[in-house]
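Structure file input.cif (mmCIF, C-alpha atoms) is printed below.
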```cif
data_work
#
loop_
_atom_site.label_atom_id
_atom_site.label_comp_id
_atom_site.auth_asym_id
_atom_site.auth_seq_id
_atom_site.Cartn_x
_atom_site.Cartn_y
_atom_site.Cartn_z
CA MET K 13 -7.01 -40.71 -9.90
CA ALA K 14 -5.73 -37.60 -11.62
CA VAL K 15 -7.48 -36.12 -14.61
CA VAL K 16 -4.80 -34.65 -16.84
CA SER K 17 -6.94 -33.05 -19.51
CA THR K 18 -10.61 -32.54 -20.28
CA GLU K 19 -12.22 -31.62 -23.54
CA SER K 20 -15.81 -31.54 -24.75
CA VAL K 21 -16.81 -32.52 -28.28
CA PRO K 22 -20.31 -31.86 -29.65
CA VAL K 23 -22.29 -34.93 -30.75
CA LYS K 24 -25.26 -33.32 -32.46
CA SER K 25 -25.49 -34.54 -36.01
CA GLU K 26 -24.25 -37.43 -38.11
CA PRO K 27 -20.96 -35.84 -39.33
CA ASP K 28 -20.00 -35.38 -35.66
CA VAL K 29 -19.53 -39.17 -35.43
CA VAL K 30 -16.56 -38.83 -37.77
CA MET K 31 -15.18 -35.98 -35.65
CA VAL K 32 -15.59 -38.08 -32.50
CA ARG K 33 -13.63 -40.94 -34.07
CA ARG K 34 -10.91 -38.57 -35.27
CA ARG K 35 -10.50 -36.88 -31.89
CA VAL K 36 -10.49 -40.18 -29.94
CA ARG K 37 -7.90 -41.53 -32.38
CA GLU K 38 -5.64 -38.51 -31.81
CA VAL K 39 -5.91 -38.54 -28.04
CA SER K 40 -5.54 -42.32 -27.64
CA GLY K 41 -2.48 -42.18 -29.91
CA GLN K 42 -0.93 -39.40 -27.85
CA LEU K 43 -1.57 -41.43 -24.69
CA GLY K 44 0.35 -44.31 -26.20
CA LEU K 45 -2.45 -46.90 -26.21
CA SER K 46 -1.62 -49.96 -28.30
CA LEU K 47 -3.07 -50.10 -31.81
CA VAL K 48 -5.63 -52.73 -30.79
CA ASP K 49 -6.70 -50.72 -27.73
CA GLN K 50 -6.97 -47.56 -29.85
CA THR K 51 -9.10 -49.41 -32.39
CA LYS K 52 -11.36 -50.74 -29.63
CA ILE K 53 -12.04 -47.42 -27.96
CA ILE K 54 -12.49 -45.59 -31.28
CA THR K 55 -15.02 -48.24 -32.33
CA ALA K 56 -16.84 -48.04 -28.99
CA ALA K 57 -16.90 -44.23 -29.27
CA SER K 58 -18.33 -44.49 -32.78
CA GLU K 59 -21.17 -46.73 -31.58
CA LEU K 60 -21.98 -44.58 -28.56
CA ALA K 61 -21.80 -41.30 -30.52
CA ARG K 62 -24.27 -42.68 -33.05
CA ASN K 63 -26.58 -43.78 -30.21
CA THR K 64 -26.34 -40.31 -28.65
CA ILE K 65 -27.57 -38.80 -31.92
CA ILE K 66 -30.18 -41.36 -32.94
CA TYR K 67 -31.70 -42.22 -29.56
CA GLY K 68 -30.65 -39.29 -27.39
CA GLY K 69 -31.42 -36.51 -29.85
CA GLY K 70 -27.82 -35.29 -29.68
CA GLY K 71 -25.51 -34.38 -26.82
CA SER K 72 -21.82 -34.24 -26.13
CA MET K 73 -18.75 -36.32 -25.47
CA LEU K 74 -16.28 -35.50 -22.74
CA ILE K 75 -12.72 -36.72 -23.30
CA GLN K 76 -10.58 -37.13 -20.20
CA THR K 77 -7.05 -38.40 -20.08
CA LEU K 78 -6.17 -40.04 -16.78
CA ASN K 79 -2.81 -40.45 -15.13
CA GLY K 80 -1.99 -41.78 -11.74
CA PRO K 81 -1.83 -44.44 -10.77
CA ARG K 82 -2.82 -45.67 -14.20
CA VAL K 83 -2.80 -44.05 -17.61
CA GLY K 84 -6.10 -44.27 -19.42
CA LEU K 85 -8.71 -42.64 -21.57
CA ARG K 86 -12.19 -41.93 -20.31
CA LEU K 87 -15.08 -40.86 -22.53
CA THR K 88 -18.44 -39.67 -21.27
CA PHE K 89 -21.42 -39.46 -23.63
CA GLU K 90 -24.29 -37.40 -22.36
CA ASP K 91 -27.68 -36.52 -23.78
CA GLN K 92 -30.95 -35.05 -22.55
CA GLY K 93 -33.03 -37.47 -24.55
CA PRO K 94 -35.86 -39.79 -23.51
CA GLY K 95 -33.56 -42.10 -21.52
CA ILE K 96 -33.42 -45.89 -21.51
CA PRO K 97 -36.30 -47.53 -19.62
CA ASP K 98 -34.69 -50.99 -19.30
CA ILE K 99 -30.88 -50.85 -19.33
CA GLU K 100 -30.42 -54.59 -18.97
CA LEU K 101 -32.55 -55.19 -22.03
CA ALA K 102 -30.78 -52.42 -23.98
CA LEU K 103 -27.41 -54.04 -23.26
CA ARG K 104 -28.52 -57.36 -24.71
CA ASP K 105 -27.07 -58.15 -28.15
CA GLY K 106 -29.62 -57.93 -30.89
CA PHE K 107 -32.02 -55.71 -28.97
CA THR K 108 -32.82 -52.44 -30.69
CA THR K 109 -35.68 -49.98 -30.80
CA GLY K 110 -34.23 -48.50 -33.99
CA SER K 111 -33.12 -49.98 -37.28
CA GLY K 112 -29.59 -50.99 -36.32
CA LEU K 113 -28.13 -54.35 -35.40
CA GLY K 114 -28.53 -53.90 -31.65
CA LEU K 115 -24.82 -54.34 -31.04
CA GLY K 116 -23.83 -50.80 -30.16
CA LEU K 117 -24.36 -50.77 -26.40
CA GLY K 118 -23.45 -54.35 -25.47
CA GLY K 119 -20.66 -54.38 -28.05
CA SER K 120 -19.03 -51.20 -26.81
CA LYS K 121 -19.17 -52.54 -23.26
CA ARG K 122 -17.08 -55.50 -24.38
CA LEU K 123 -14.54 -53.20 -26.04
CA VAL K 124 -13.59 -51.24 -22.93
CA ASN K 125 -12.30 -51.95 -19.42
CA GLU K 126 -14.92 -49.97 -17.56
CA PHE K 127 -18.48 -49.20 -18.57
CA ASP K 128 -20.97 -47.19 -16.59
CA ILE K 129 -24.45 -46.18 -17.62
CA VAL K 130 -26.87 -43.85 -15.87
CA SER K 131 -30.23 -43.20 -17.47
CA ARG K 132 -33.43 -41.65 -16.25
CA PRO K 133 -36.60 -41.79 -18.36
CA GLY K 134 -37.44 -38.31 -19.57
CA GLU K 135 -34.14 -36.83 -18.41
CA GLY K 136 -31.38 -38.38 -20.45
CA THR K 137 -28.53 -40.84 -20.53
CA ARG K 138 -24.91 -40.71 -19.48
CA ILE K 139 -22.50 -43.44 -20.51
CA THR K 140 -18.90 -43.47 -19.31
CA ILE K 141 -16.29 -45.78 -20.79
CA THR K 142 -12.65 -46.17 -19.81
CA ARG K 143 -9.79 -47.93 -21.53
CA TRP K 144 -6.59 -48.33 -19.49
CA LYS K 145 -3.17 -48.40 -21.03
CA MET I 5 -21.21 -34.37 -52.09
CA GLU I 6 -18.11 -36.55 -51.88
CA LYS I 7 -18.34 -39.99 -53.39
CA ILE I 8 -16.37 -43.21 -53.23
CA PRO I 9 -15.21 -44.13 -56.75
CA ILE I 10 -16.20 -47.47 -58.25
CA LEU I 11 -13.71 -48.74 -60.86
CA LYS I 12 -14.64 -51.26 -63.51
CA MET I 13 -12.01 -53.82 -64.37
CA GLY I 14 -13.21 -56.43 -66.85
CA GLU I 15 -16.18 -58.17 -65.30
CA PHE I 16 -15.33 -56.95 -61.80
CA LEU I 17 -15.88 -53.75 -59.85
CA LEU I 18 -13.20 -52.40 -57.54
CA VAL I 19 -13.83 -50.13 -54.59
CA THR I 20 -11.13 -48.77 -52.34
CA ILE I 21 -12.43 -47.04 -49.27
CA GLN I 22 -9.84 -44.43 -48.36
CA VAL I 23 -11.78 -41.99 -46.25
CA ASP I 24 -13.31 -42.21 -42.82
CA MET I 25 -16.85 -42.72 -44.04
CA HIS I 26 -19.73 -40.96 -42.39
CA ASP I 27 -22.94 -42.96 -42.34
CA ARG I 28 -24.55 -41.23 -45.30
CA LEU I 29 -21.50 -41.84 -47.47
CA ALA I 30 -21.67 -45.54 -46.57
CA MET I 31 -25.33 -45.64 -47.55
CA ALA I 32 -24.56 -43.85 -50.83
CA LEU I 33 -21.84 -46.39 -51.63
CA GLN I 34 -24.30 -49.22 -51.07
CA ASP I 35 -26.78 -47.66 -53.51
CA ASP I 36 -24.11 -46.75 -56.08
CA LEU I 37 -22.64 -50.22 -56.07
CA THR I 38 -25.97 -51.95 -56.49
CA ARG I 39 -26.82 -49.69 -59.41
CA THR I 40 -23.39 -50.14 -61.03
CA ILE I 41 -23.56 -53.95 -60.72
CA SER I 42 -26.82 -54.04 -62.60
CA GLN I 43 -25.73 -51.45 -65.20
CA THR I 44 -22.40 -53.08 -65.99
CA ASP I 45 -23.41 -56.70 -65.60
CA ALA I 46 -20.48 -57.16 -63.20
CA ARG I 47 -19.81 -60.66 -61.90
CA GLY I 48 -17.84 -59.64 -58.86
CA VAL I 49 -17.14 -56.80 -56.46
CA LEU I 50 -13.87 -56.33 -54.61
CA ILE I 51 -13.88 -53.94 -51.67
CA ASP I 52 -10.49 -52.92 -50.29
CA ILE I 53 -10.71 -51.75 -46.68
CA SER I 54 -6.98 -51.84 -45.93
CA THR I 55 -6.90 -48.15 -45.03
CA LEU I 56 -9.96 -48.32 -42.77
CA GLU I 57 -8.93 -47.83 -39.16
CA ILE I 58 -12.20 -49.07 -37.73
CA VAL I 59 -15.26 -51.01 -38.83
CA ASP I 60 -18.16 -50.37 -36.50
CA SER I 61 -21.61 -51.96 -36.61
CA PHE I 62 -22.84 -49.48 -39.20
CA ILE I 63 -20.01 -50.09 -41.67
CA GLY I 64 -20.20 -53.81 -40.92
CA ARG I 65 -23.86 -53.81 -41.78
CA MET I 66 -23.11 -51.93 -45.00
CA LEU I 67 -20.59 -54.61 -46.02
CA SER I 68 -23.10 -57.37 -45.27
CA ASN I 69 -25.80 -55.52 -47.20
CA ILE I 70 -23.54 -55.05 -50.23
CA ALA I 71 -22.65 -58.75 -50.22
CA ALA I 72 -26.32 -59.75 -49.98
CA MET I 73 -27.50 -57.33 -52.65
CA SER I 74 -24.76 -58.26 -55.09
CA ARG I 75 -25.50 -61.95 -54.56
CA VAL I 76 -29.10 -61.33 -55.53
CA LEU I 77 -27.76 -59.57 -58.65
CA ASP I 78 -25.58 -62.61 -59.47
CA ALA I 79 -22.28 -61.08 -58.41
CA GLU I 80 -19.82 -62.16 -55.74
CA THR I 81 -18.39 -59.78 -53.16
CA VAL I 82 -14.99 -60.11 -51.52
CA VAL I 83 -13.77 -57.74 -48.82
CA VAL I 84 -9.98 -57.54 -48.67
CA GLY I 85 -7.24 -56.03 -46.53
CA MET I 86 -8.85 -55.85 -43.13
CA GLN I 87 -6.27 -54.80 -40.55
CA PRO I 88 -5.69 -57.28 -37.71
CA ALA I 89 -6.70 -54.74 -35.03
CA VAL I 90 -9.95 -54.13 -36.91
CA ALA I 91 -10.66 -57.86 -37.09
CA ILE I 92 -10.06 -58.33 -33.35
CA THR I 93 -12.32 -55.39 -32.52
CA LEU I 94 -15.04 -56.49 -34.90
CA VAL I 95 -15.33 -59.92 -33.35
CA GLU I 96 -15.37 -58.52 -29.82
CA LEU I 97 -18.04 -56.06 -30.86
CA GLY I 98 -20.10 -59.11 -31.84
CA LEU I 99 -19.97 -58.73 -35.59
CA SER I 100 -18.82 -61.62 -37.74
CA LEU I 101 -19.88 -60.19 -41.11
CA PRO I 102 -22.26 -63.00 -42.05
CA GLY I 103 -22.29 -63.73 -45.76
CA VAL I 104 -19.23 -61.63 -46.51
CA ARG I 105 -16.28 -63.38 -48.13
CA THR I 106 -12.88 -62.01 -47.20
CA ALA I 107 -9.31 -62.29 -48.43
CA LEU I 108 -6.07 -60.98 -47.01
CA ASN I 109 -5.15 -58.75 -49.93
CA VAL I 110 -6.25 -57.57 -53.37
CA ASP I 111 -4.39 -60.34 -55.22
CA ALA I 112 -5.96 -63.08 -53.13
CA GLY I 113 -9.36 -61.40 -53.45
CA MET I 114 -9.14 -61.19 -57.25
CA GLU I 115 -8.14 -64.84 -57.39
CA LEU I 116 -11.15 -65.74 -55.25
CA LEU I 117 -13.47 -63.78 -57.55
CA ARG I 118 -12.01 -65.34 -60.72
CA ALA I 119 -12.26 -68.82 -59.23
CA SER I 120 -15.87 -68.39 -58.23
CA VAL I 121 -16.84 -67.00 -61.63
CA ARG I 122 -15.01 -69.92 -63.28
CA ALA I 123 -16.80 -72.40 -61.04
CA ASN I 124 -20.18 -70.86 -61.83
CA LYS I 125 -19.51 -71.01 -65.56
CA GLU I 126 -18.54 -74.67 -65.33
CA LEU I 127 -21.64 -75.44 -63.34
CA TYR I 128 -24.18 -73.47 -65.26
CA GLY I 129 -22.48 -72.66 -68.54
CA SER I 130 -21.91 -69.09 -69.60
CA ARG I 131 -24.56 -66.57 -68.76
CA VAL I 132 -27.07 -65.78 -71.48
CA ASP I 133 -27.03 -62.08 -72.23
#
```
As structure tokens, what does this structure read like?
Amino acid sequence: MAVVSTESVPVKSEPDVVMVRRRVREVSGQLGLSLVDQTKIITAASELARNTIIYGGGGSMLIQTLNGPRVGLRLTFEDQGPGIPDIELALRDGFTTGSGLGLGLGGSKRLVNEFDIVSRPGEGTRITITRWK
Amino acid sequence: MEKIPILKMGEFLLVTIQVDMHDRLAMALQDDLTRTISQTDARGVLIDISTLEIVDSFIGRMLSNIAAMSRVLDAETVVVGMQPAVAITLVELGLSLPGVRTALNVDAGMELLRASVRANKELYGSRVD
């Protein structure tokens, strides 16, 4: 797998969610993802960016475009927040420790082709999503 | 702070969301609309989201909240113009916008609002002001 480009976007405060959406829209458009696939990964990015801010205390998003053998877009959200004690529970629809709908994590998993989550209590969370062309 | 305009047209309110809303703007719209419904005695709210490229769980919740609040204030809400890609994504995300009425475009949405106001008047007579 060849990483063609890498870019880091800050995810610190609420207006950054809009920036994340905008940047993911631009890059997924340049990659030639279909409109539905673009919409899915932008929506997933929006959910995960908001989680990074609300639950992770802020962090960053890494955008990677992949080429060879397949073309795709990979986003990595990372924070140094409190971490997720029970990932399985957090992925369940309707579960939330905040005031949202509890759809962000499980929902974004359904919107992408690959979903990987690493979280250590007290150290932070890293979520990687990939959408292939 | 930027604001999403609310237009009054007869007994209805029209909102066209044309910017990528950050969460606070969505919350402000919810508050503004609720206030305007009660101030203007509006019977219906039409929200045009045809230029929205995504609806995530936050915006989805805002639409559901607006529909619920306006219902409590005796007004109907119709959301119109959702793009097909947005609809597909929304359902896969797990959001079905409970309690939100939708129509394909502004014309169909206005017709829906007029019909529901007509039906209410026939059922309950005209509202006492």
**Study point:** Residue list for chain K near chain I as number ranges by chain, 9 Å, all atoms listed in the file
**Key:** K: 26-30, 33-34, 47-52, 54-56, 58-59, 105, 112-116, 118-123
**Study point:** Surrounding residues of Arg39 (chain I) excluding itself and chain neighbours under 6 positions, 12 Å, only C-alpha atoms, as a PyMOL selection string
**Key:** chain I and resi 10+17+32-33+45-46+70+73-74+77
Check your understanding: Care to translate the PyMOL selection byres ((chain I and resi 121) around 12) into actual residues of this file, as number ranges by chain?
Key -> I: 15-16, 46-49, 78-81, 114-120, 122-131
Exercise for review: Quick one: apply the PyMOL selection byres ((chain I and resi 104) around 6) to the file and drop the selected residues here as a PyMOL selection string.
Suggested key: chain I and resi 68+71+101-103+105
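CA of Asp128 (chain K) is positioned 23.3 Å from CA of Gly41 (chain K).
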Check your understanding: Taking the file as shown, what set of residues would the PyMOL selection byres ((chain K and resi 20) around 9) give back, as a PyMOL selection string?
Key -> chain K and resi 18-19+21-22+72-76
Point to revise | Among the residues K:Ile96, K:Ile141, K:Ile66, K:Leu45, the one that comes closest to Val83 (chain K) [using all atoms listed in the file] | key: K:Leu45
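Distance-wise, CA of Trp144 (chain K) and CA of Leu117 (chain K) end up 19.2 Å apart.
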Review point. Just how far from CA of Pro81 (chain K) is CA of Ala14 (chain K), in Å to one decimal?
Key: 7.9 Å
Determine the axis-aligned bounding box of all atoms of region 93-112 of chain I present in the file, pad each side by 8 Å, and express its centre and edge lengths in Å to one decimal place as JSON.
```
{"center_x": -13.3, "center_y": -59.6, "center_z": -42.5, "size_x": 33.9, "size_y": 24.3, "size_z": 41.4}
```
Exercise for review: Tell me which protein, DNA and RNA residues are within 9 Å of Ile8 (chain I), counting only C-alpha atoms, leaving out same-chain ones fewer than 2 positions away, and put them as a PyMOL selection string.
Suggested key: chain I and resi 6+10+19-23+29-30+32-33+36
Practice item. Find the spatial neighbours of Asp52 (chain I), counting all atoms listed in the file, within a cut-off of 8 Å - ignore same-chain residues fewer than 5 positions away - and output them as a PyMOL selection string. Key: chain I and resi 18-21+83-86+109-110
Point to revise | Best match for closeness to Asp98 (chain K) among K:Pro133, K:Arg62, K:Ser25, K:Met31, counting all atoms listed in the file | key: K:Pro133
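Distances to Thr142 (chain K) were evaluated for K:Tyr67, K:Phe127, K:Phe89, K:Phe107 using all atoms listed in the file, and the minimum falls at K:Phe127.
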